[in-house]
Amino acid sequence: MNLADSGVLAAVLNARGYRPAETEAEADIIILNTCSVREKAEDRVFGRLGELSGLKNMVPGKKFAVVGCMAQRLGERIVDKAPFVDIVLGTDQMFNLPEILEKSNGTPLVHTEFGHENIGVIAPVRDSRFAAYATISRGCGNFCTYCIVPYVRGEERSYPAQEIVNQVRNFVSDGVLEIMLLGQNVNSYRDNELAFADLLKKIAGETDIKRMRFMTSHPKDLSDELIATMASEPKIMAHLHLPLQSGSDRILRRMGRGYTLEHYRHLVDKLRAVQADISLTTDLIVGFPSESEEEFNLTLTAVEKIKFDSAFMFRYSPREGTAAYRFDDDVPDPVKIRRLTKLINLQKKISYEKNQEEIGRIRSVLVDGFSRRSNALLKGKTEGYKTILFAGEPSLLGTIQNIRVTSADSWTLHGDREH
Ligand code: SAH
Ligand code: SF4
């Protein structure tokens with residue numbers, strides 16, 4: 001979501017004549033778009049600001065802006081800690097950066113009011129020429145007890161379906177083949193009678209986009225209709241990111257997630273019944289307040305049984321203002337670290353096994369870049385959102401190719417082009 005927002009912000013700045021600088025040293029403005037989800041993310045922003053502060057005097061009038069979730073959460077507190085910061089703009093204010101820059105005159109400007117962000121229909125700057133993000137909803141109304149997102153991104157609101165369709169059409173005419181629809185919980189998307197599955201069908205039917213993906217899905221709102229739509233609509237890629245968070249029902253209840261492990265497993269069974277080789281990825285938290293060793297083991301068992309293709313795994317991080325902040329953060333750090341390491345090792349083994357199963361299969365791959373190591377190797381994503389490398393000519397960039405998987409480790413597949 002932050003990456004997508006950075007693309008929109010870059011477009012807003014481009015439209016006003018700003019251009020990306022080659023280096024931080026020569027930049028007139030340094031912008032940090034921030035995350036608040038875990039304390040570590042915020043610590044890194046202050047660390048980065050410290051590193052960059054020495055540049056402040058190298059370009060006369062050089063400005064620092066901190067925008068996004070952490071700006072929303074801390075507001076003035078950012079300037080207290082880093083007085084050389086000129087501009088702090090929260091999540092709904094960040095797209096006003098060009099106007100605020102014009103007003104900036106040495107006294108820090110801090111804006112964190114909620115209200116409609118004023119983006120209009122602007123084509124975001126993209127990292128990839130062939131894949132794009134489209135934000136379909138902002139904010140979140142779920143208030144999982146550990147999570148800061150509803151406080152820093154405000155209440156959930158969906159963009160009108162027609163606007164999204166128009167945006168996808170614009171992407172297509174700009175050469176985009178694959179779209180990733182984004183929301184904190186896409187499953188609760190609504191535009192009057194239109195639910196998320198209807199939006200997917202509308203985009204698939206009314207645009208020439210070749211491939212569609214979305215994230216994130218909340219298990220409590222994953223409808224049978226969405227499962228059926230994923231299976232029946234060939235444009236929708238066979239990948240679902242479905243955060244489980246914990247394998248213990250007591251912890252899930254304390255997290256306010258609104259489902260049990262049994263419900264989650266039932267969803268997985270339904271998904272696999274209609275799309276046997278759907279790729280499933282998840283988010284998991286270890287060391288939530290009062291999580292016992294047995295409860296942590298339930299997460300390990302769930303991971304072993306469900307067999308996710310990959311997972312984002314985190315240590316619980318208390319966030320001021322959330323409901324769980326009032327719980328005793330009683331799992332000591334060394335225990336959290338031990339649990340996380342154990343979980344990561346287990347998942348790594350499962351990812352490896354899952355990827356071995358890919359060997360011999362032919363995958364449909366959107367070719368969108370070169371391997372980081374070698375320009376002789378092209379890089380792309382399979383239907384299941386796995387990175388695959390294969391030998392090929394640069395002229396294949398921006399095409400969809402059939403690639404036979406020949407080898408794999410836990411993170412990457414290798415393959416050969418099928419002729
Ligand atoms: N809207 C998405 C998640 C957004 S945050 C969803 O509901 O799935 C991404 C992930 O960060 C979460 O799924 C969760 O696993 C993790 N996370 C959020 N708050 C956290 C916290 N306080 N400590 C540790 N991990 C957290
Ligand atoms: Fe946070 Fe829960 Fe909303 Fe995801 S659904 S953003 S975890 S409150």
# chains A, B, ... in the order shown; residues from 1 in each chain; ligands from 1
>>> residues_around(residues="Ser246 of chain A", least_positions_apart="6", cutoff="10 Å", atoms="only C-alpha atoms", output="list in words")
Leu252, Arg253, Met255, Arg257, Thr260, Leu261, Asp283, Leu284, Ile285, Val286, Gly287, Phe288, Glu291, Glu295, Phe296, Asn297, Leu298, Thr299, Leu300, Ala302 and Val303 of chain A
>>> select_by_dssp(residues="segment 146-352 of chain A", states="strand (DSSP E or B)", output="number ranges by chain")
A: 157-158, 178-182, 190-191, 194-195, 211-215, 236, 239-241, 245, 279-286, 310-315
>>> residues_near_ligand(ligand="ligand 2", cutoff="8 Å", atoms="only C-alpha atoms and all ligand atoms", output="list in words")
Gly139, Cys140, Gly141, Asn142, Phe143, Cys144, Thr145, Tyr146, Cys147, Ile148, Val149, Pro150, Gln184, Asn185, Thr216, His218 and Arg257 of chain A
>>> atom_distance(atom1="atom CA of Asp43 of chain A", atom2="atom CA of Ile337 of chain A")
18.0 Å
>>> residues_around(residues="Met94 of chain A", least_positions_apart="5", cutoff="8 Å", atoms="only C-alpha atoms", output="list in words")
Leu9, Val67, Gly68 and Leu89 of chain A
>>> residues_around(residues="Arg211 of chain A", least_positions_apart="5", cutoff="8 Å", atoms="only C-alpha atoms", output="ChimeraX atom specification")
/A:177-179,235-237
>>> select_by_dssp(residues="segment 57-274 of chain A", states="helix (DSSP H, G or I)", output="PyMOL selection string")
chain A and resi 57+69-74+76-81+94-103+149-153+161-173+186-188+196-206+219-221+224-232+249-255+261-274
>>> closest_residue(among="A:Ile136, A:Ala123, A:Leu200, A:Ile78", to="Ser232 of chain A", atoms="only C-alpha atoms")
A:Leu200
>>> residues_around(residues="Lys63 of chain A", least_positions_apart="5", cutoff="7 Å", atoms="only C-alpha atoms", output="ChimeraX atom specification")
/A:28-30,86
>>> closest_residue(among="A:Asp92, A:Asp329, A:Glu293, A:Glu193", to="ligand 1", atoms="only C-alpha atoms and all ligand atoms")
A:Asp329
